[in-house]
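A.B. asks: Dropping in entry_26.cif, which is mmCIF, C-alpha atoms and all ligand atoms:
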```cif
data_target
#
loop_
_atom_site.label_atom_id
_atom_site.label_comp_id
_atom_site.auth_asym_id
_atom_site.auth_seq_id
_atom_site.Cartn_x
_atom_site.Cartn_y
_atom_site.Cartn_z
CA MET A 198 0.00 0.00 0.00
CA SER A 199 1.34 3.41 -0.91
CA ILE A 200 1.94 5.90 1.89
CA ASN A 201 -0.40 8.30 0.12
CA THR A 202 -3.36 5.94 0.13
CA LEU A 203 -6.28 7.67 1.79
CA ASP A 204 -9.34 6.25 3.43
CA ILE A 205 -12.34 7.64 1.54
CA ASN A 206 -13.91 8.54 4.87
CA ASP A 207 -10.92 10.67 5.93
CA PRO A 208 -10.86 14.39 5.20
CA MET A 209 -8.51 15.15 2.31
CA PRO A 210 -5.19 16.77 3.18
CA LEU A 211 -4.76 20.12 1.46
CA PHE A 212 -1.49 19.20 -0.15
CA GLU A 213 0.03 15.80 -0.72
CA SER A 214 3.72 15.30 -1.44
CA GLU A 215 5.41 12.00 -2.38
CA TRP A 216 5.58 11.15 1.29
CA GLY A 217 2.43 12.22 3.02
CA ALA A 218 0.75 15.57 3.44
CA THR A 219 2.67 18.58 4.74
CA GLU A 220 -0.37 20.85 4.78
CA PHE A 221 -3.43 19.52 6.51
CA GLU A 222 -6.51 20.70 8.31
CA THR A 223 -6.91 20.16 12.05
CA ARG A 224 -9.78 17.82 11.25
CA ALA A 225 -7.50 15.58 9.14
CA LEU A 226 -4.92 15.41 11.94
CA ARG A 227 -7.66 14.63 14.46
CA THR A 228 -8.98 11.78 12.28
CA LEU A 229 -5.48 10.40 11.83
CA LEU A 230 -4.75 10.54 15.59
CA GLY A 231 -8.02 8.67 16.17
CA LYS A 232 -6.44 5.65 14.48
CA TYR A 233 -4.36 5.20 17.61
CA PRO A 234 -6.53 3.27 20.10
CA THR A 235 -6.45 4.42 23.71
CA GLY A 236 -8.02 3.48 26.97
CA VAL A 237 -10.56 5.80 28.59
CA ALA A 238 -10.22 7.32 32.06
CA ILE A 239 -11.92 9.80 34.35
CA VAL A 240 -9.66 12.32 36.05
CA ALA A 241 -11.13 13.74 39.24
CA THR A 242 -10.34 15.99 42.15
CA ARG A 243 -12.06 17.96 44.92
CA THR A 244 -11.98 21.74 45.16
CA ALA A 245 -10.99 23.55 48.35
CA ASP A 246 -14.69 24.20 49.03
CA GLY A 247 -15.50 20.48 48.76
CA ARG A 248 -16.90 20.23 45.22
CA ASN A 249 -16.11 17.06 43.24
CA VAL A 250 -14.87 17.77 39.70
CA GLY A 251 -14.13 15.24 36.97
CA LEU A 252 -13.97 14.68 33.24
CA THR A 253 -13.43 11.90 30.74
CA ILE A 254 -9.97 11.79 29.16
CA ASN A 255 -8.06 9.63 26.72
CA SER A 256 -4.85 11.68 26.84
CA PHE A 257 -3.66 9.71 29.87
CA ALA A 258 -0.23 8.09 29.38
CA SER A 259 2.60 6.69 31.45
CA LEU A 260 5.71 8.87 31.57
CA SER A 261 8.25 7.45 34.03
CA LEU A 262 8.56 4.46 36.38
CA GLU A 263 11.32 5.86 38.63
CA PRO A 264 10.10 8.28 39.75
CA PRO A 265 6.54 7.16 39.01
CA LEU A 266 5.06 9.83 36.73
CA VAL A 267 2.00 9.89 34.49
CA LEU A 268 0.57 12.62 32.24
CA TRP A 269 -2.67 13.83 30.74
CA SER A 270 -3.77 17.04 29.07
CA LEU A 271 -6.67 19.42 29.64
CA VAL A 272 -8.03 21.65 26.88
CA ASN A 273 -7.28 25.34 27.62
CA HIS A 274 -10.93 26.42 27.45
CA SER A 275 -12.00 23.93 30.14
CA PRO A 276 -14.07 25.55 32.89
CA ASN A 277 -12.03 23.42 35.29
CA LEU A 278 -8.60 24.61 34.19
CA SER A 279 -7.89 26.48 37.43
CA VAL A 280 -9.24 23.59 39.52
CA PHE A 281 -6.74 21.11 38.08
CA ARG A 282 -3.95 23.71 37.99
CA ASP A 283 -4.34 24.40 41.70
CA CYS A 284 -5.30 21.01 43.15
CA GLU A 285 -2.94 19.07 45.41
CA TYR A 286 -4.03 15.60 44.28
CA PHE A 287 -6.08 14.08 41.48
CA THR A 288 -7.20 10.55 40.70
CA ILE A 289 -7.13 8.75 37.37
CA SER A 290 -9.77 6.01 37.14
CA ILE A 291 -9.26 3.69 34.17
CA LEU A 292 -12.67 2.64 32.94
CA ALA A 293 -13.95 -0.90 32.40
CA HIS A 294 -15.44 -2.11 29.10
CA ASP A 295 -19.00 -1.59 30.38
CA HIS A 296 -18.39 2.03 31.47
CA GLN A 297 -19.36 3.63 28.15
CA GLU A 298 -22.33 5.53 29.63
CA LEU A 299 -20.15 6.77 32.47
CA ALA A 300 -17.55 7.97 29.96
CA LEU A 301 -20.23 9.92 28.05
CA HIS A 302 -21.67 11.34 31.28
CA PHE A 303 -18.28 12.69 32.39
CA ALA A 304 -17.67 14.06 28.88
CA SER A 305 -20.81 16.19 28.94
CA ALA A 306 -20.22 19.87 29.63
CA ARG A 307 -22.23 22.00 31.98
CA VAL A 308 -23.67 19.15 34.08
CA GLU A 309 -24.01 20.78 37.47
CA ASN A 310 -22.84 17.83 39.56
CA LYS A 311 -21.49 14.97 37.46
CA PHE A 312 -20.99 12.86 40.60
CA ARG A 313 -24.66 12.78 41.62
CA GLY A 314 -25.83 9.14 41.58
CA ILE A 315 -22.37 7.85 40.62
CA ALA A 316 -20.57 5.15 42.64
CA VAL A 317 -17.67 7.12 44.07
CA GLN A 318 -14.89 5.95 46.36
CA GLU A 319 -13.06 8.47 48.47
CA THR A 320 -9.29 8.01 48.68
CA PRO A 321 -7.41 8.53 51.98
CA GLU A 322 -6.26 11.86 50.46
CA GLY A 323 -9.93 12.91 50.49
CA ILE A 324 -10.52 12.98 46.75
CA PRO A 325 -13.05 11.06 44.64
CA SER A 326 -12.34 8.10 42.39
CA ILE A 327 -14.77 6.12 40.27
CA GLY A 328 -16.17 2.89 41.74
CA GLY A 329 -15.67 -0.17 39.50
CA ALA A 330 -12.70 1.32 37.63
CA ILE A 331 -10.25 -1.42 36.65
CA ALA A 332 -7.31 0.67 37.88
CA THR A 333 -7.02 3.78 40.01
CA LEU A 334 -3.99 6.02 40.45
CA VAL A 335 -3.86 8.72 43.11
CA CYS A 336 -1.43 11.38 41.92
CA ALA A 337 0.16 14.43 43.48
CA ASN A 338 -0.08 17.39 41.14
CA HIS A 339 3.62 17.42 40.19
CA GLN A 340 4.10 19.79 37.26
CA GLN A 341 2.16 21.56 34.52
CA THR A 342 2.99 23.31 31.27
CA HIS A 343 0.78 25.18 28.81
CA LEU A 344 1.55 23.62 25.41
CA GLY A 345 -0.46 24.57 22.35
CA ASP A 346 -4.17 24.45 23.10
CA HIS A 347 -3.82 22.18 26.16
CA LEU A 348 -2.43 22.25 29.69
CA LEU A 349 -0.06 19.29 30.09
CA VAL A 350 -0.49 17.90 33.62
CA ILE A 351 2.12 15.59 35.13
CA GLY A 352 1.21 13.59 38.21
CA GLN A 353 3.47 11.78 40.65
CA VAL A 354 1.81 8.46 41.47
CA LYS A 355 1.28 8.14 45.23
CA ARG A 356 -1.17 5.23 45.48
CA ILE A 357 -2.40 2.51 43.12
CA ALA A 358 -5.29 0.03 43.21
CA SER A 359 -6.72 -2.33 40.64
CA ILE A 360 -9.32 -5.03 40.06
CA GLU A 361 -9.75 -7.62 37.31
CA GLY A 362 -11.58 -6.48 34.22
CA LYS A 363 -11.26 -5.49 30.59
CA PRO A 364 -10.78 -1.87 29.60
CA LEU A 365 -13.03 0.43 27.63
CA VAL A 366 -11.25 1.38 24.39
CA PHE A 367 -11.60 4.55 22.29
CA HIS A 368 -10.76 4.24 18.59
CA GLY A 369 -11.78 6.21 15.52
CA GLY A 370 -14.05 8.44 17.58
CA MET A 371 -15.99 5.46 18.95
CA PHE A 372 -16.00 3.31 22.04
CA THR A 373 -15.01 -0.30 21.53
CA GLY A 374 -13.37 -3.16 23.43
CA LEU A 375 -10.56 -5.66 23.20
CA HIS A 376 -10.87 -8.96 21.38
CA ASP A 377 -9.38 -12.07 22.89
CA VAL A 378 -6.22 -13.03 21.07
CA HIS A 379 -6.09 -16.75 20.30
CA GLU A 380 -2.76 -18.55 19.92
CA ILE A 381 -2.33 -20.08 16.44
C1 LIG B 1 -13.22 9.58 24.85
C2 LIG B 1 -13.03 11.01 25.26
C3 LIG B 1 -11.77 11.48 25.57
C4 LIG B 1 -11.56 12.80 25.97
N1 LIG B 1 -10.29 13.21 26.30
C5 LIG B 1 -10.08 14.46 26.74
C6 LIG B 1 -8.78 14.87 27.18
O1 LIG B 1 -7.84 14.10 27.18
N2 LIG B 1 -8.63 16.16 27.60
C7 LIG B 1 -9.67 17.05 27.62
O2 LIG B 1 -9.46 18.21 28.01
N3 LIG B 1 -10.92 16.68 27.21
C8 LIG B 1 -11.15 15.41 26.80
N4 LIG B 1 -12.39 15.03 26.42
C9 LIG B 1 -13.50 16.00 26.46
C10 LIG B 1 -14.04 16.22 27.87
O3 LIG B 1 -14.42 15.01 28.51
C11 LIG B 1 -15.27 17.14 27.76
O4 LIG B 1 -14.87 18.34 27.15
C12 LIG B 1 -15.94 17.44 29.08
O5 LIG B 1 -17.11 18.18 28.81
C13 LIG B 1 -15.10 18.28 30.00
O6 LIG B 1 -15.82 18.44 31.21
P1 LIG B 1 -16.05 19.90 31.83
O7 LIG B 1 -16.78 20.68 30.79
O8 LIG B 1 -16.85 19.60 33.07
O9 LIG B 1 -14.68 20.40 32.14
C14 LIG B 1 -12.64 13.70 26.03
C15 LIG B 1 -13.93 13.24 25.70
C16 LIG B 1 -14.12 11.91 25.33
C17 LIG B 1 -15.51 11.43 25.00
#
```
As structure tokens, please, write out the structure in this file.
Ligand SMILES: Cc1cc2nc3c(=O)[nH]c(=O)nc-3n(C[C@H](O)[C@H](O)[C@H](O)COP(=O)(O)O)c2cc1C

C.D. replies:
Amino acid sequence: MSINTLDINDPMPLFESEWGATEFETRALRTLLGKYPTGVAIVATRTADGRNVGLTINSFASLSLEPPLVLWSLVNHSPNLSVFRDCEYFTISILAHDHQELALHFASARVENKFRGIAVQETPEGIPSIGGAIATLVCANHQQTHLGDHLLVIGQVKRIASIEGKPLVFHGGMFTGLHDVHEI
């Protein structure tokens, strides 16, 4: 397959050279990045006045084992930018395959209290995490940098917990799951 072969469903790059497109619309880049499957997580914290705040993310990634660091990014126009900039701790709850509704709920803007009616576990640090998540990381807010249109947030992992279960997967703008791999 040639490197220039395009999926008919993908937006056309503006200019194609021998080796890929050097001019492209944001939409084309976004579609291309969507080809990389990710897990889905909810990042959460509690404000100084005791309000639980959380949102669905797929930008979560591991960064370092020693010291234990992870990262995620928050869009600059988020109404919760200052909350996550100023918090002491946050949790990352990695969602299970049957958490699709939960992922959509925490991705909806302007819901007054996203945590109402949700199974929440409080960590010893006094911040919320999502009940039934297959893995939970409690992170100290280690470092942040404004890069492009996002705030890059780096967390130092302070506490970990996990249960058995398959992850929810995000791919091509849709939720999906993992298939069992059979030995041949
Ligand atoms: C699968 C998925 C992944 C997302 N990943 C991110 C992310 O990494 N960073 C981000 O800022 N928003 C991300 N979003 C969008 C937020 O969840 C969404 O904007 C949400 O409304 C933010 O909540 P807020 O308005 O209460 O801050 C994602 C949404 C979905 C559905």

A.B. asks: Where does chain A meet ligand LIG 1 (chain B) within 6 Å, residue by residue, with the nearest atom pair and distance in Å to one decimal for each, counting all atoms listed in the file, listed by chain and rising number, as a tab-separated table?

C.D. replies:
```
residue	atom	partner	partner_atom	distance
A:Val237	CA	B:LIG1	C1	5.9
A:Leu252	CA	B:LIG1	O6	4.7
A:Thr253	CA	B:LIG1	O3	4.0
A:Ile254	CA	B:LIG1	N1	3.2
A:Asn255	CA	B:LIG1	N1	4.2
A:Ser256	CA	B:LIG1	O1	3.9
A:Ser270	CA	B:LIG1	N2	5.2
A:Leu271	CA	B:LIG1	O2	3.5
A:Val272	CA	B:LIG1	O2	3.9
A:Ser275	CA	B:LIG1	O9	4.9
A:Pro276	CA	B:LIG1	O9	5.2
A:Asn277	CA	B:LIG1	O9	5.1
A:Leu301	CA	B:LIG1	C17	5.8
A:Phe303	CA	B:LIG1	O3	5.9
A:Ala304	CA	B:LIG1	O3	3.4
A:Ser305	CA	B:LIG1	O5	4.2
A:Ala306	CA	B:LIG1	O5	3.6
A:Arg307	CA	B:LIG1	O7	5.7
A:Phe367	CA	B:LIG1	C1	5.9
```

A.B. asks: Identify the residues around (-9.5, 15.9, 46.1) within a radius of 12 Å, measuring from all atoms listed in the file in the coordinates stated by the file, and give them as a count of residues only.

C.D. replies: 34

A.B. asks: Please report the interatomic distance between atom CA of Ala238 of chain A and atom CA of Phe257 of chain A in Å with one decimal.

C.D. replies: 7.3 Å

A.B. asks: Between A:Gly345, A:Gly352, A:Gly217, A:Gly236, which one has atoms that come closest to Met371 of chain A, using only C-alpha atoms?

C.D. replies: A:Gly236

A.B. asks: Using all atoms listed in the file, which of the listed residues (A:His294, A:Trp269, A:Ser279, A:Thr219) sits closest to His347 of chain A?

C.D. replies: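 Comparing A:His294, A:Trp269, A:Ser279, A:Thr219 against His347 of chain A, the winner is A:Trp269.
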
A.B. asks: When you look at Gln297 of chain A with a cut-off of 9 Å (counting only C-alpha atoms), what residues show up, excluding the ones that are within fewer than 5 positions of it in the same chain? I need them as a list in words.

C.D. replies: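 Everything that qualifies: Leu292, His302, Leu365, Phe372 and Thr373 of chain A.
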
A.B. asks: Figure out the distance between atom CA of Gly329 of chain A and atom CA of Ser290 of chain A, please, to one decimal in Å.

C.D. replies: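 That distance, rounded to one decimal, is 8.9 Å.
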
A.B. asks: Find the residue from A:Arg356, A:Lys232, A:Lys363, A:Arg282 that sits nearest to Thr333 of chain A; use all atoms listed in the file when measuring.

C.D. replies: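 Checking each candidate against Thr333 of chain A, we get A:Arg356 as the closest.
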
A.B. asks: Measuring between all atoms listed in the file, which one of A:Ile351, A:Ile357, A:Ile291, A:Ile331 shows the shortest distance to Ser261 of chain A?

C.D. replies: A:Ile351

A.B. asks: Interatomic distance between atom CA of Leu299 of chain A and atom CA of Pro364 of chain A?

C.D. replies: 13.1 Å

A.B. asks: Would you kindly return, as a list in words, each protein, DNA or RNA residue with an atom no farther than 10 Å from any atom of Leu262 of chain A, considering all atoms listed in the file and excluding same-chain residues fewer than 5 positions away?

C.D. replies: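 Returned residues: Val267, Gln353 and Val354 of chain A.
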
A.B. asks: Check the smallest atom-to-atom distance from each of A:Val366, A:Val350, A:Leu344, A:Asp377 to Leu260 of chain A using all atoms listed in the file, then report the winner.

C.D. replies: A:Val350

A.B. asks: Using the incomplete input, complete segment 316-334 of chain A to the level of N, CA and C atoms; output as a CSV table (one decimal), in the frame of the given file.

C.D. replies:
```csv
chain,number,residue,atom,x,y,z
A,316,ALA,N,-21.3,5.9,41.6
A,316,ALA,CA,-20.6,5.2,42.6
A,316,ALA,C,-19.2,5.7,42.8
A,317,VAL,N,-19.0,6.4,43.9
A,317,VAL,CA,-17.7,7.1,44.1
A,317,VAL,C,-17.0,6.5,45.3
A,318,GLN,N,-15.7,6.4,45.2
A,318,GLN,CA,-14.9,6.0,46.4
A,318,GLN,C,-14.0,7.1,46.7
A,319,GLU,N,-13.9,7.4,48.0
A,319,GLU,CA,-13.1,8.5,48.5
A,319,GLU,C,-11.7,7.9,48.9
A,320,THR,N,-10.6,8.5,48.4
A,320,THR,CA,-9.3,8.0,48.7
A,320,THR,C,-8.9,8.6,50.1
A,321,PRO,N,-7.9,8.0,50.7
A,321,PRO,CA,-7.4,8.5,52.0
A,321,PRO,C,-7.0,10.0,51.9
A,322,GLU,N,-6.6,10.5,50.7
A,322,GLU,CA,-6.3,11.9,50.5
A,322,GLU,C,-7.5,12.8,50.4
A,323,GLY,N,-8.7,12.1,50.5
A,323,GLY,CA,-9.9,12.9,50.5
A,323,GLY,C,-10.4,13.4,49.1
A,324,ILE,N,-10.1,12.6,48.1
A,324,ILE,CA,-10.5,13.0,46.8
A,324,ILE,C,-11.3,11.8,46.1
A,325,PRO,N,-12.2,12.1,45.2
A,325,PRO,CA,-13.0,11.1,44.6
A,325,PRO,C,-12.4,10.2,43.6
A,326,SER,N,-12.7,8.9,43.5
A,326,SER,CA,-12.3,8.1,42.4
A,326,SER,C,-13.6,7.3,42.0
A,327,ILE,N,-13.6,6.7,40.8
A,327,ILE,CA,-14.8,6.1,40.3
A,327,ILE,C,-14.8,4.6,40.7
A,328,GLY,N,-16.0,4.3,41.3
A,328,GLY,CA,-16.2,2.9,41.7
A,328,GLY,C,-16.3,2.0,40.5
A,329,GLY,N,-15.6,0.8,40.6
A,329,GLY,CA,-15.7,-0.2,39.5
A,329,GLY,C,-14.6,0.1,38.4
A,330,ALA,N,-13.8,1.1,38.6
A,330,ALA,CA,-12.7,1.3,37.6
A,330,ALA,C,-11.7,0.1,37.7
A,331,ILE,N,-11.1,-0.3,36.6
A,331,ILE,CA,-10.2,-1.4,36.6
A,331,ILE,C,-8.9,-1.1,37.2
A,332,ALA,N,-8.6,0.2,37.2
A,332,ALA,CA,-7.3,0.7,37.9
A,332,ALA,C,-7.5,2.1,38.3
A,333,THR,N,-6.9,2.4,39.5
A,333,THR,CA,-7.0,3.8,40.0
A,333,THR,C,-5.6,4.2,40.4
A,334,LEU,N,-5.3,5.4,40.0
A,334,LEU,CA,-4.0,6.0,40.4
A,334,LEU,C,-4.3,7.3,41.2
```
